[in-house]
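final-v6.csv, holding CSV, C-alpha atoms (C1' of nucleotides):
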```csv
chain,number,residue,atom,x,y,z
A,1,MET,CA,-31.5,-122.9,187.9
A,2,GLY,CA,-29.9,-122.2,191.2
A,3,LYS,CA,-28.2,-118.9,190.4
A,4,SER,CA,-30.5,-117.1,188.1
A,5,GLY,CA,-33.7,-115.1,188.3
A,6,ALA,CA,-34.4,-113.4,191.6
A,7,ASP,CA,-31.5,-115.1,193.4
A,8,LEU,CA,-29.6,-111.9,193.8
A,9,GLY,CA,-32.7,-110.5,195.3
A,10,VAL,CA,-32.5,-113.0,198.2
A,11,VAL,CA,-28.8,-112.4,198.6
A,12,ALA,CA,-28.9,-108.6,198.6
A,13,GLY,CA,-32.0,-108.7,200.8
A,14,LEU,CA,-30.2,-110.9,203.4
A,15,VAL,CA,-27.1,-108.8,203.3
A,16,ARG,CA,-28.8,-105.5,203.6
A,17,ALA,CA,-31.3,-106.7,206.2
A,18,SER,CA,-28.3,-107.9,208.2
A,19,PHE,CA,-26.8,-104.5,207.9
A,20,LEU,CA,-30.0,-103.0,209.4
A,21,VAL,CA,-30.0,-105.6,212.2
A,22,ASN,CA,-26.4,-104.9,213.0
A,23,ALA,CA,-27.0,-101.2,213.1
A,24,VAL,CA,-30.0,-101.6,215.4
A,25,TYR,CA,-28.0,-104.0,217.6
A,26,ALA,CA,-25.2,-101.5,217.9
A,27,GLU,CA,-27.6,-98.7,218.8
A,28,SER,CA,-29.1,-100.8,221.5
A,29,ALA,CA,-25.7,-101.7,222.9
A,30,ARG,CA,-24.7,-98.2,222.9
A,31,GLU,CA,-27.8,-97.2,224.8
A,32,TYR,CA,-26.8,-99.6,227.5
A,33,GLY,CA,-23.2,-98.7,227.6
A,34,LEU,CA,-22.2,-102.0,226.0
A,35,THR,CA,-20.2,-102.9,223.0
A,36,VAL,CA,-21.9,-105.1,220.5
A,37,GLN,CA,-19.8,-108.1,221.5
A,38,GLN,CA,-20.6,-107.6,225.2
A,39,GLY,CA,-24.3,-107.3,224.4
A,40,GLN,CA,-24.0,-110.6,222.4
A,41,LEU,CA,-22.2,-112.2,225.3
A,42,LEU,CA,-24.9,-111.2,227.7
A,43,CYS,CA,-27.6,-112.5,225.4
A,44,VAL,CA,-25.9,-115.8,225.0
A,45,LEU,CA,-25.4,-116.2,228.8
A,46,MET,CA,-29.0,-115.3,229.5
A,47,GLY,CA,-29.8,-118.8,228.5
A,48,ARG,CA,-27.3,-120.6,230.6
A,49,PRO,CA,-23.7,-120.5,231.7
A,50,TYR,CA,-21.1,-121.6,229.2
A,51,GLY,CA,-17.5,-122.8,229.3
A,52,MET,CA,-15.0,-120.9,227.3
A,53,GLY,CA,-14.9,-123.5,224.6
A,54,ASP,CA,-18.6,-123.6,224.0
A,55,LEU,CA,-18.8,-119.9,224.2
A,56,GLY,CA,-16.2,-119.5,221.5
A,57,ALA,CA,-18.0,-122.0,219.3
A,58,THR,CA,-21.3,-120.2,219.9
A,59,LEU,CA,-20.0,-116.8,219.2
A,60,GLY,CA,-17.7,-117.9,216.4
A,61,LEU,CA,-14.5,-116.7,218.1
A,62,GLU,CA,-11.1,-118.2,218.7
A,63,LYS,CA,-10.4,-118.9,222.3
A,64,SER,CA,-7.7,-116.3,222.4
A,65,SER,CA,-10.2,-113.7,221.3
A,66,LEU,CA,-12.7,-114.9,223.9
A,67,THR,CA,-10.3,-114.5,226.8
A,68,GLY,CA,-10.0,-110.8,226.2
A,69,LEU,CA,-13.8,-110.4,225.7
A,70,VAL,CA,-14.5,-112.2,229.0
A,71,ASP,CA,-11.7,-110.3,230.8
A,72,ARG,CA,-13.2,-107.0,229.9
A,73,ALA,CA,-16.7,-108.2,230.7
A,74,VAL,CA,-15.4,-109.3,234.1
A,75,ARG,CA,-13.8,-105.9,234.7
A,76,ARG,CA,-17.1,-104.3,234.0
A,77,GLY,CA,-18.9,-106.6,236.4
A,78,LEU,CA,-21.0,-108.2,233.6
A,79,VAL,CA,-19.9,-111.8,234.1
A,80,ARG,CA,-18.0,-114.0,236.5
A,81,ARG,CA,-15.6,-116.9,235.9
A,82,GLU,CA,-16.6,-119.8,238.1
A,83,PRO,CA,-14.5,-122.9,238.5
A,84,ASP,CA,-15.9,-126.1,237.1
A,85,PRO,CA,-16.1,-128.5,240.0
A,86,ASP,CA,-15.5,-131.5,237.7
A,87,ASP,CA,-12.6,-130.1,235.7
A,88,ARG,CA,-10.0,-127.9,237.3
A,89,ARG,CA,-8.9,-126.5,234.0
A,90,ALA,CA,-12.3,-125.4,232.9
A,91,VAL,CA,-14.4,-122.4,233.9
A,92,HIS,CA,-18.0,-121.5,233.6
A,93,VAL,CA,-18.8,-118.0,232.5
A,94,VAL,CA,-21.9,-116.7,234.3
A,95,LEU,CA,-23.9,-113.5,234.4
A,96,THR,CA,-23.6,-111.6,237.7
A,97,GLU,CA,-26.7,-110.8,239.6
A,98,GLU,CA,-26.4,-107.1,238.7
A,99,SER,CA,-26.0,-107.8,235.0
A,100,ARG,CA,-28.9,-110.2,234.7
A,101,ALA,CA,-31.3,-107.3,234.8
A,102,LEU,CA,-29.1,-105.3,232.4
A,103,ALA,CA,-29.1,-108.3,230.0
A,104,GLU,CA,-32.8,-108.6,230.1
A,105,ASP,CA,-33.3,-104.9,229.5
A,106,PHE,CA,-30.8,-104.9,226.6
A,107,TYR,CA,-32.5,-108.0,225.2
A,108,ALA,CA,-35.9,-106.4,225.4
A,109,ALA,CA,-34.7,-103.1,223.9
A,110,THR,CA,-33.0,-104.9,221.0
A,111,CYS,CA,-36.1,-107.0,220.4
A,112,ARG,CA,-38.2,-103.9,220.3
A,113,ARG,CA,-35.9,-102.2,217.8
A,114,VAL,CA,-35.6,-105.2,215.6
A,115,ASP,CA,-39.3,-105.7,215.7
A,116,GLU,CA,-39.7,-102.1,214.5
A,117,LEU,CA,-37.7,-102.9,211.4
A,118,ALA,CA,-40.6,-105.1,210.4
A,119,THR,CA,-43.5,-102.9,211.3
A,120,SER,CA,-44.4,-102.3,207.7
A,121,LEU,CA,-45.3,-106.0,207.2
A,122,SER,CA,-48.7,-107.4,207.8
A,123,THR,CA,-49.2,-110.0,210.5
A,124,PRO,CA,-49.4,-112.9,208.0
A,125,ASP,CA,-46.3,-111.5,206.2
A,126,ARG,CA,-44.5,-111.4,209.5
A,127,ASP,CA,-45.4,-115.0,210.1
A,128,ARG,CA,-44.2,-116.0,206.6
A,129,LEU,CA,-41.0,-114.1,207.1
A,130,ALA,CA,-40.4,-115.8,210.5
A,131,ALA,CA,-41.0,-119.2,209.0
A,132,LEU,CA,-38.6,-118.6,206.1
A,133,LEU,CA,-35.9,-117.2,208.3
A,134,GLY,CA,-36.5,-120.0,210.7
A,135,THR,CA,-35.8,-122.5,207.9
A,136,ILE,CA,-32.5,-120.8,207.1
A,137,VAL,CA,-31.5,-120.6,210.7
A,138,ARG,CA,-32.3,-124.2,211.3
A,139,GLU,CA,-30.7,-125.6,208.1
A,140,ASN,CA,-27.5,-123.7,208.8
A,141,GLU,CA,-27.4,-124.5,212.5
A,142,ALA,CA,-27.2,-120.9,213.6
A,143,PRO,CA,-26.1,-121.0,217.3
A,144,ALA,CA,-28.3,-119.6,220.1
A,145,VAL,CA,-26.9,-116.1,219.9
A,146,PHE,CA,-30.3,-114.7,220.5
A,147,LEU,CA,-33.0,-116.4,222.5
A,148,ASP,CA,-36.3,-117.4,220.9
A,149,THR,CA,-38.0,-118.9,223.9
A,150,LEU,CA,-39.4,-115.9,225.6
A,151,ARG,CA,-42.2,-115.5,223.1
A,152,ARG,CA,-45.6,-114.1,224.1
B,1,MET,CA,-51.3,-106.7,219.2
B,2,GLY,CA,-47.9,-105.5,218.0
B,3,LYS,CA,-45.8,-107.4,220.4
B,4,SER,CA,-47.5,-110.7,220.8
B,5,GLY,CA,-47.9,-114.0,219.0
B,6,ALA,CA,-45.1,-114.9,216.6
B,7,ASP,CA,-43.4,-111.5,216.8
B,8,LEU,CA,-40.4,-112.9,218.6
B,9,GLY,CA,-40.1,-115.4,215.9
B,10,VAL,CA,-39.5,-112.7,213.4
B,11,VAL,CA,-37.1,-110.9,215.7
B,12,ALA,CA,-35.0,-114.0,216.6
B,13,GLY,CA,-35.1,-115.0,213.0
B,14,LEU,CA,-33.7,-111.7,211.8
B,15,VAL,CA,-31.0,-111.6,214.5
B,16,ARG,CA,-29.9,-115.2,213.9
B,17,ALA,CA,-30.0,-114.9,210.2
B,18,SER,CA,-27.9,-111.8,210.5
B,19,PHE,CA,-25.4,-113.7,212.6
B,20,LEU,CA,-25.2,-116.2,209.8
B,21,VAL,CA,-24.7,-113.6,207.2
B,22,ASN,CA,-22.0,-111.8,209.2
B,23,ALA,CA,-20.2,-115.1,209.6
B,24,VAL,CA,-20.3,-115.8,205.9
B,25,TYR,CA,-19.2,-112.3,205.1
B,26,ALA,CA,-16.3,-112.6,207.5
B,27,GLU,CA,-15.3,-115.9,206.0
B,28,SER,CA,-15.4,-114.4,202.5
B,29,ALA,CA,-13.3,-111.5,203.6
B,30,ARG,CA,-10.8,-113.7,205.2
B,31,GLU,CA,-10.5,-115.7,202.0
B,32,TYR,CA,-9.5,-112.6,200.1
B,33,GLY,CA,-7.2,-111.3,202.8
B,34,LEU,CA,-9.6,-108.5,203.7
B,35,THR,CA,-11.2,-107.4,206.9
B,36,VAL,CA,-15.0,-107.3,206.9
B,37,GLN,CA,-14.9,-103.5,206.9
B,38,GLN,CA,-12.5,-103.4,204.0
B,39,GLY,CA,-14.7,-105.8,202.1
B,40,GLN,CA,-17.7,-103.7,202.8
B,41,LEU,CA,-15.8,-100.6,201.6
B,42,LEU,CA,-15.0,-102.4,198.3
B,43,CYS,CA,-18.6,-103.4,197.8
B,44,VAL,CA,-19.8,-99.9,198.3
B,45,LEU,CA,-17.3,-98.4,196.0
B,46,MET,CA,-18.0,-100.9,193.3
B,47,GLY,CA,-21.1,-98.9,192.6
B,48,ARG,CA,-19.5,-95.5,192.3
B,49,PRO,CA,-16.9,-93.3,194.0
B,50,TYR,CA,-18.0,-91.6,197.3
B,51,GLY,CA,-16.9,-88.6,199.3
B,52,MET,CA,-15.9,-89.2,202.8
B,53,GLY,CA,-19.1,-87.8,204.1
B,54,ASP,CA,-21.4,-89.9,201.9
B,55,LEU,CA,-19.2,-92.9,202.6
B,56,GLY,CA,-19.6,-92.5,206.4
B,57,ALA,CA,-23.3,-92.1,206.1
B,58,THR,CA,-23.6,-95.2,203.9
B,59,LEU,CA,-21.4,-97.3,206.2
B,60,GLY,CA,-22.8,-95.9,209.4
B,61,LEU,CA,-19.4,-94.6,210.6
B,62,GLU,CA,-18.2,-91.4,212.1
B,63,LYS,CA,-15.9,-89.4,209.9
B,64,SER,CA,-13.0,-90.0,212.3
B,65,SER,CA,-13.5,-93.7,212.0
B,66,LEU,CA,-13.6,-93.5,208.3
B,67,THR,CA,-10.3,-91.7,207.9
B,68,GLY,CA,-8.5,-94.7,209.4
B,69,LEU,CA,-10.4,-97.2,207.4
B,70,VAL,CA,-9.6,-95.4,204.2
B,71,ASP,CA,-6.0,-94.9,205.3
B,72,ARG,CA,-5.5,-98.6,205.7
B,73,ALA,CA,-7.3,-99.3,202.5
B,74,VAL,CA,-5.0,-96.9,200.7
B,75,ARG,CA,-1.9,-98.4,202.3
B,76,ARG,CA,-3.0,-101.8,200.9
B,77,GLY,CA,-3.7,-100.3,197.5
B,78,LEU,CA,-7.4,-101.0,197.6
B,79,VAL,CA,-8.5,-97.4,197.1
B,80,ARG,CA,-7.3,-94.0,196.2
B,81,ARG,CA,-8.2,-90.5,197.4
B,82,GLU,CA,-8.8,-88.2,194.5
B,83,PRO,CA,-9.2,-84.5,194.9
B,84,ASP,CA,-12.7,-83.1,194.1
B,85,PRO,CA,-12.2,-80.6,191.4
B,86,ASP,CA,-15.1,-78.5,192.6
B,87,ASP,CA,-14.3,-78.4,196.3
B,88,ARG,CA,-10.7,-78.4,197.5
B,89,ARG,CA,-11.7,-79.7,200.9
B,90,ALA,CA,-13.3,-82.8,199.6
B,91,VAL,CA,-12.0,-86.0,198.3
B,92,HIS,CA,-13.4,-88.9,196.2
B,93,VAL,CA,-12.6,-92.3,197.4
B,94,VAL,CA,-12.2,-94.6,194.4
B,95,LEU,CA,-11.3,-98.2,193.8
B,96,THR,CA,-7.9,-98.7,192.2
B,97,GLU,CA,-7.6,-100.6,189.0
B,98,GLU,CA,-6.1,-103.6,190.7
B,99,SER,CA,-8.7,-103.7,193.4
B,100,ARG,CA,-11.7,-103.6,191.1
B,101,ALA,CA,-11.1,-107.2,190.1
B,102,LEU,CA,-10.6,-108.1,193.7
B,103,ALA,CA,-13.8,-106.4,194.7
B,104,GLU,CA,-15.7,-108.2,192.1
B,105,ASP,CA,-14.3,-111.6,193.1
B,106,PHE,CA,-15.0,-110.9,196.7
B,107,TYR,CA,-18.5,-109.8,195.9
B,108,ALA,CA,-19.2,-112.9,193.8
B,109,ALA,CA,-17.8,-115.2,196.5
B,110,THR,CA,-19.9,-113.5,199.1
B,111,CYS,CA,-23.0,-113.8,197.0
B,112,ARG,CA,-22.3,-117.4,196.5
B,113,ARG,CA,-21.9,-118.1,200.2
B,114,VAL,CA,-25.0,-116.1,201.2
B,115,ASP,CA,-26.9,-117.8,198.5
B,116,GLU,CA,-25.9,-121.1,199.9
B,117,LEU,CA,-27.5,-120.2,203.2
B,118,ALA,CA,-30.8,-120.3,201.4
B,119,THR,CA,-30.4,-123.5,199.4
B,120,SER,CA,-32.9,-125.3,201.5
B,121,LEU,CA,-35.7,-123.0,200.3
B,122,SER,CA,-37.7,-123.8,197.2
B,123,THR,CA,-37.7,-121.2,194.4
B,124,PRO,CA,-41.0,-119.7,195.2
B,125,ASP,CA,-40.0,-119.5,198.9
B,126,ARG,CA,-36.8,-117.7,197.9
B,127,ASP,CA,-38.9,-115.3,195.9
B,128,ARG,CA,-41.2,-114.7,198.8
B,129,LEU,CA,-38.2,-114.2,201.2
B,130,ALA,CA,-36.6,-111.8,198.8
B,131,ALA,CA,-39.9,-109.8,198.5
B,132,LEU,CA,-40.3,-109.7,202.3
B,133,LEU,CA,-36.7,-108.6,203.0
B,134,GLY,CA,-37.0,-106.2,200.1
B,135,THR,CA,-39.9,-104.5,201.9
B,136,ILE,CA,-37.9,-104.2,205.1
B,137,VAL,CA,-34.8,-102.9,203.4
B,138,ARG,CA,-36.9,-100.3,201.5
B,139,GLU,CA,-39.0,-99.2,204.5
B,140,ASN,CA,-35.9,-98.7,206.6
B,141,GLU,CA,-33.9,-97.1,203.9
B,142,ALA,CA,-31.0,-99.5,204.2
B,143,PRO,CA,-28.1,-97.9,202.3
B,144,ALA,CA,-26.5,-99.5,199.3
B,145,VAL,CA,-24.0,-101.6,201.2
B,146,PHE,CA,-24.4,-104.4,198.8
B,147,LEU,CA,-25.3,-104.2,195.2
B,148,ASP,CA,-28.4,-105.6,193.9
B,149,THR,CA,-28.2,-104.4,190.3
B,150,LEU,CA,-26.2,-107.2,188.8
B,151,ARG,CA,-29.2,-109.4,188.3
B,152,ARG,CA,-29.5,-111.1,185.2
C,1,DG,C1',-13.9,-59.6,204.1
C,2,DT,C1',-15.6,-61.5,208.3
C,3,DG,C1',-18.0,-64.8,210.7
C,4,DC,C1',-20.4,-69.5,210.0
C,5,DT,C1',-20.6,-73.9,208.3
C,6,DA,C1',-18.9,-78.1,206.0
C,7,DT,C1',-15.1,-81.5,204.9
C,8,DG,C1',-11.6,-84.1,206.5
C,9,DT,C1',-7.6,-85.2,209.6
C,10,DT,C1',-5.1,-86.0,214.1
C,11,DC,C1',-4.8,-87.8,218.5
C,12,DG,C1',-5.8,-90.5,222.5
C,13,DT,C1',-8.5,-94.3,224.4
C,14,DA,C1',-10.9,-98.6,224.5
C,15,DG,C1',-12.1,-102.6,222.4
C,16,DT,C1',-11.9,-106.6,218.8
C,17,DA,C1',-9.7,-110.6,216.7
C,18,DC,C1',-6.2,-113.6,215.4
C,19,DG,C1',-2.2,-117.1,215.7
C,20,DA,C1',1.7,-118.9,218.1
C,21,DA,C1',3.5,-120.3,222.2
C,22,DC,C1',2.5,-121.6,226.7
C,23,DT,C1',0.7,-123.8,231.4
C,24,DA,C1',-2.0,-126.8,233.9
C,25,DA,C1',-5.0,-130.6,234.2
C,26,DC,C1',-7.3,-134.6,232.4
C,27,DT,C1',-7.0,-139.4,230.1
C,28,DG,C1',-5.5,-143.7,228.2
C,29,DG,C1',-2.1,-147.3,227.6
C,30,DG,C1',1.5,-149.9,229.4
D,1,DC,C1',1.7,-145.8,238.8
D,2,DC,C1',3.5,-143.0,235.2
D,3,DC,C1',4.1,-140.8,231.1
D,4,DA,C1',2.5,-139.4,226.4
D,5,DG,C1',-0.9,-137.1,224.2
D,6,DT,C1',-4.9,-134.2,224.4
D,7,DT,C1',-7.8,-130.5,226.1
D,8,DA,C1',-9.0,-125.9,228.5
D,9,DG,C1',-7.6,-121.5,228.9
D,10,DT,C1',-4.2,-117.7,229.1
D,11,DT,C1',-0.5,-114.7,227.4
D,12,DC,C1',1.7,-112.0,224.1
D,13,DG,C1',2.4,-109.3,219.9
D,14,DT,C1',0.2,-107.4,215.9
D,15,DA,C1',-3.3,-105.2,213.2
D,16,DC,C1',-7.5,-103.3,212.9
D,17,DT,C1',-12.0,-100.9,214.5
D,18,DA,C1',-14.6,-97.1,216.4
D,19,DC,C1',-15.4,-93.1,218.9
D,20,DG,C1',-15.2,-88.0,220.5
D,21,DA,C1',-12.7,-83.8,220.9
D,22,DA,C1',-9.8,-80.7,218.9
D,23,DC,C1',-8.1,-79.0,214.8
D,24,DA,C1',-7.0,-77.0,209.9
D,25,DT,C1',-8.9,-75.5,205.5
D,26,DA,C1',-12.1,-74.2,202.3
D,27,DG,C1',-16.5,-72.7,200.8
D,28,DC,C1',-20.5,-69.5,201.7
D,29,DA,C1',-23.5,-65.6,203.1
D,30,DC,C1',-24.1,-61.3,204.2
```
Can you turn what I pasted into structure tokens?
Amino acid sequence: MGKSGADLGVVAGLVRASFLVNAVYAESAREYGLTVQQGQLLCVLMGRPYGMGDLGATLGLEKSSLTGLVDRAVRRGLVRREPDPDDRRAVHVVLTEESRALAEDFYAATCRRVDELATSLSTPDRDRLAALLGTIVRENEAPAVFLDTLRR
Amino acid sequence: MGKSGADLGVVAGLVRASFLVNAVYAESAREYGLTVQQGQLLCVLMGRPYGMGDLGATLGLEKSSLTGLVDRAVRRGLVRREPDPDDRRAVHVVLTEESRALAEDFYAATCRRVDELATSLSTPDRDRLAALLGTIVRENEAPAVFLDTLRR
DNA sequence: GTGCTATGTTCGTAGTACGAACTAACTGGG
DNA sequence: CCCAGTTAGTTCGTACTACGAACATAGCAC
């Protein structure tokens, strides 16, 4: 079976829903004077500091791309590079004190907006959708680009 | 209720699933020597020609951004600007003969990859997911950035 | 036919993303 | 101890993305 029947429905649904999420993410970022990538960086770093290597793997970027992203984020005071005490080549990228609040506001605003995309669903449908997407995310090892642990 | 319980599950699920879809889309585009935006442009134009205005609305871009995207696509022979016979200010952006095949290959490859994201779901679960995402897409009037009409 | 609006383009700026080439630091074998 | 090879990040050049402001034309309404 695999590729027949309602399959295209799933595919088009996923692609178009992604398009909506991207738009909402961009709108949120803009509201906070961030680019999408900077917003994503903040959301990742809310969880914990990362080395450049891990950060690139998480965001799906080449290291050369990441250097620039972090440079610009440093210039805007969003993050800091801290030396790794155990490895003088490595750095830890960390949120600054000022940007932690910004990151949390951005995160909350983005959650609210994404949540609103699903307002037309009933509570049980939301739960079903969450479970189905959860399976996809788990099976494909989507990195922690957006926290899940602040529920309630 | 609104913001309690498993809500964050839906939000994080949507955001992370989008991240997966974006990655897959980028991988597909790369395989065909396209940028993500050029791939998106081809997918939109597969349906029908668009004027710059409609195209910007569909892709969520300002007109000034679109001019450049179309310029580069023209330079690569992906699309053509045709004069609108009824309005000498307006143009229709159209796929070229050569790029139609490319667009269809890209579309098919992307479908395959996105489909693979959901291989761990049972057929009824896929149908449920398609229905739930369909509701979100419909309620939020997601534009036709990815065709849905080639279903069997 | 003279203002108003709509359709696109141009220009300047900032940011994104990549690969190739590079530097510095760690690591393991001898 | 030392050196070869690996690993962590940066630099550089190129192409592309996206925006707003300012612009030129063409249609439209009165």
Result of fitting chain A to chain B over every paired C-alpha, as a tab-separated table (two decimals) with C-alpha atoms, keeping the file's coordinate frame:
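Output (superposed.tsv):
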```
chain	number	residue	atom	x	y	z
A	1	MET	CA	-51.42	-106.84	218.75
A	2	GLY	CA	-48.04	-105.66	217.70
A	3	LYS	CA	-45.90	-107.52	220.22
A	4	SER	CA	-47.56	-110.81	220.73
A	5	GLY	CA	-47.86	-114.13	218.95
A	6	ALA	CA	-45.04	-115.02	216.60
A	7	ASP	CA	-43.37	-111.60	216.87
A	8	LEU	CA	-40.39	-112.97	218.67
A	9	GLY	CA	-40.11	-115.43	215.89
A	10	VAL	CA	-39.47	-112.60	213.37
A	11	VAL	CA	-37.06	-110.91	215.73
A	12	ALA	CA	-34.98	-113.97	216.61
A	13	GLY	CA	-35.07	-115.06	212.97
A	14	LEU	CA	-33.69	-111.66	211.82
A	15	VAL	CA	-31.07	-111.61	214.49
A	16	ARG	CA	-29.85	-115.09	213.97
A	17	ALA	CA	-29.99	-114.88	210.18
A	18	SER	CA	-27.86	-111.75	210.50
A	19	PHE	CA	-25.43	-113.67	212.56
A	20	LEU	CA	-25.14	-116.26	209.75
A	21	VAL	CA	-24.72	-113.50	207.14
A	22	ASN	CA	-22.04	-111.84	209.17
A	23	ALA	CA	-20.20	-115.07	209.63
A	24	VAL	CA	-20.34	-115.85	205.91
A	25	TYR	CA	-19.23	-112.28	205.12
A	26	ALA	CA	-16.27	-112.61	207.41
A	27	GLU	CA	-15.27	-115.94	205.88
A	28	SER	CA	-15.37	-114.43	202.46
A	29	ALA	CA	-13.27	-111.47	203.54
A	30	ARG	CA	-10.83	-113.67	205.09
A	31	GLU	CA	-10.51	-115.71	201.93
A	32	TYR	CA	-9.55	-112.57	200.12
A	33	GLY	CA	-7.23	-111.25	202.69
A	34	LEU	CA	-9.66	-108.49	203.65
A	35	THR	CA	-11.20	-107.42	206.86
A	36	VAL	CA	-14.93	-107.27	206.91
A	37	GLN	CA	-14.92	-103.47	206.87
A	38	GLN	CA	-12.55	-103.38	203.88
A	39	GLY	CA	-14.72	-105.88	202.03
A	40	GLN	CA	-17.76	-103.62	202.80
A	41	LEU	CA	-15.84	-100.61	201.58
A	42	LEU	CA	-14.99	-102.30	198.35
A	43	CYS	CA	-18.57	-103.37	197.81
A	44	VAL	CA	-19.86	-99.91	198.40
A	45	LEU	CA	-17.29	-98.35	195.99
A	46	MET	CA	-18.07	-100.90	193.31
A	47	GLY	CA	-21.09	-98.83	192.59
A	48	ARG	CA	-19.48	-95.48	192.35
A	49	PRO	CA	-16.93	-93.27	194.03
A	50	TYR	CA	-17.95	-91.58	197.24
A	51	GLY	CA	-16.80	-88.60	199.29
A	52	MET	CA	-15.86	-89.21	202.84
A	53	GLY	CA	-19.08	-87.79	204.14
A	54	ASP	CA	-21.34	-89.93	202.05
A	55	LEU	CA	-19.23	-92.91	202.70
A	56	GLY	CA	-19.55	-92.46	206.43
A	57	ALA	CA	-23.30	-92.05	206.13
A	58	THR	CA	-23.50	-95.16	203.95
A	59	LEU	CA	-21.43	-97.30	206.16
A	60	GLY	CA	-22.80	-95.85	209.38
A	61	LEU	CA	-19.43	-94.58	210.64
A	62	GLU	CA	-18.21	-91.35	212.13
A	63	LYS	CA	-15.85	-89.49	209.91
A	64	SER	CA	-13.01	-90.01	212.31
A	65	SER	CA	-13.51	-93.74	212.05
A	66	LEU	CA	-13.66	-93.53	208.26
A	67	THR	CA	-10.32	-91.77	207.94
A	68	GLY	CA	-8.51	-94.67	209.49
A	69	LEU	CA	-10.47	-97.24	207.39
A	70	VAL	CA	-9.61	-95.37	204.17
A	71	ASP	CA	-5.97	-94.85	205.27
A	72	ARG	CA	-5.46	-98.52	205.72
A	73	ALA	CA	-7.30	-99.33	202.51
A	74	VAL	CA	-5.01	-96.87	200.73
A	75	ARG	CA	-1.92	-98.51	202.24
A	76	ARG	CA	-3.10	-101.80	200.92
A	77	GLY	CA	-3.66	-100.38	197.46
A	78	LEU	CA	-7.45	-101.00	197.60
A	79	VAL	CA	-8.60	-97.41	197.09
A	80	ARG	CA	-7.30	-94.00	196.14
A	81	ARG	CA	-8.15	-90.53	197.44
A	82	GLU	CA	-8.79	-88.24	194.50
A	83	PRO	CA	-9.23	-84.51	194.86
A	84	ASP	CA	-12.64	-83.12	194.09
A	85	PRO	CA	-12.14	-80.60	191.33
A	86	ASP	CA	-15.07	-78.48	192.59
A	87	ASP	CA	-14.21	-78.48	196.28
A	88	ARG	CA	-10.64	-78.35	197.46
A	89	ARG	CA	-11.53	-79.68	200.85
A	90	ALA	CA	-13.31	-82.73	199.61
A	91	VAL	CA	-11.99	-86.02	198.26
A	92	HIS	CA	-13.44	-88.82	196.28
A	93	VAL	CA	-12.61	-92.31	197.39
A	94	VAL	CA	-12.18	-94.61	194.38
A	95	LEU	CA	-11.30	-98.23	193.77
A	96	THR	CA	-7.88	-98.72	192.14
A	97	GLU	CA	-7.67	-100.61	188.94
A	98	GLU	CA	-6.05	-103.59	190.69
A	99	SER	CA	-8.73	-103.75	193.37
A	100	ARG	CA	-11.69	-103.55	191.03
A	101	ALA	CA	-11.17	-107.16	190.08
A	102	LEU	CA	-10.58	-108.11	193.73
A	103	ALA	CA	-13.87	-106.35	194.65
A	104	GLU	CA	-15.77	-108.16	192.02
A	105	ASP	CA	-14.35	-111.51	193.03
A	106	PHE	CA	-15.07	-110.85	196.73
A	107	TYR	CA	-18.57	-109.71	195.79
A	108	ALA	CA	-19.20	-112.82	193.77
A	109	ALA	CA	-17.77	-115.14	196.45
A	110	THR	CA	-19.90	-113.50	199.16
A	111	CYS	CA	-22.99	-113.72	196.98
A	112	ARG	CA	-22.34	-117.37	196.41
A	113	ARG	CA	-21.94	-118.06	200.13
A	114	VAL	CA	-24.95	-116.08	201.11
A	115	ASP	CA	-26.97	-117.73	198.43
A	116	GLU	CA	-25.95	-121.10	199.90
A	117	LEU	CA	-27.50	-120.14	203.21
A	118	ALA	CA	-30.82	-120.27	201.41
A	119	THR	CA	-30.39	-123.40	199.39
A	120	SER	CA	-32.91	-125.29	201.44
A	121	LEU	CA	-35.75	-123.00	200.26
A	122	SER	CA	-37.79	-123.64	197.21
A	123	THR	CA	-37.68	-121.18	194.34
A	124	PRO	CA	-41.08	-119.64	195.22
A	125	ASP	CA	-39.99	-119.47	198.91
A	126	ARG	CA	-36.85	-117.71	197.84
A	127	ASP	CA	-38.90	-115.21	195.91
A	128	ARG	CA	-41.22	-114.64	198.91
A	129	LEU	CA	-38.26	-114.23	201.19
A	130	ALA	CA	-36.64	-111.69	198.79
A	131	ALA	CA	-39.84	-109.72	198.58
A	132	LEU	CA	-40.28	-109.59	202.37
A	133	LEU	CA	-36.71	-108.63	202.99
A	134	GLY	CA	-36.96	-106.14	200.21
A	135	THR	CA	-39.89	-104.49	202.01
A	136	ILE	CA	-37.87	-104.19	205.21
A	137	VAL	CA	-34.86	-102.87	203.42
A	138	ARG	CA	-36.86	-100.33	201.56
A	139	GLU	CA	-39.01	-99.14	204.52
A	140	ASN	CA	-35.92	-98.67	206.65
A	141	GLU	CA	-33.84	-97.05	203.94
A	142	ALA	CA	-30.99	-99.50	204.21
A	143	PRO	CA	-28.03	-97.87	202.34
A	144	ALA	CA	-26.44	-99.49	199.26
A	145	VAL	CA	-23.93	-101.53	201.22
A	146	PHE	CA	-24.40	-104.38	198.87
A	147	LEU	CA	-25.33	-104.04	195.23
A	148	ASP	CA	-28.57	-105.50	193.88
A	149	THR	CA	-28.23	-104.50	190.27
A	150	LEU	CA	-26.09	-107.22	188.90
A	151	ARG	CA	-28.91	-109.74	188.87
A	152	ARG	CA	-29.11	-112.49	186.24
```
Hey, could you make a per-residue contact list for chain A against chain C with 7 Å as the cut-off, showing the nearest pair of atoms and its distance in Å to one decimal, counting all atoms listed in the file, sorted by chain and number, as a tab-separated table?
```
residue	atom	partner	partner_atom	distance
A:Ser65	CA	C:DA17	C1'	5.6
A:Arg88	CA	C:DA25	C1'	6.5
A:Arg89	CA	C:DA25	C1'	5.7
```
8 Å contacts from chain B to chain A using only C-alpha atoms, as an NGL selection string: :B and (3-23 or 60 or 111 or 114-115 or 117-118 or 120-121 or 125-127 or 129-137 or 139-140 or 142-148 or 150-152)
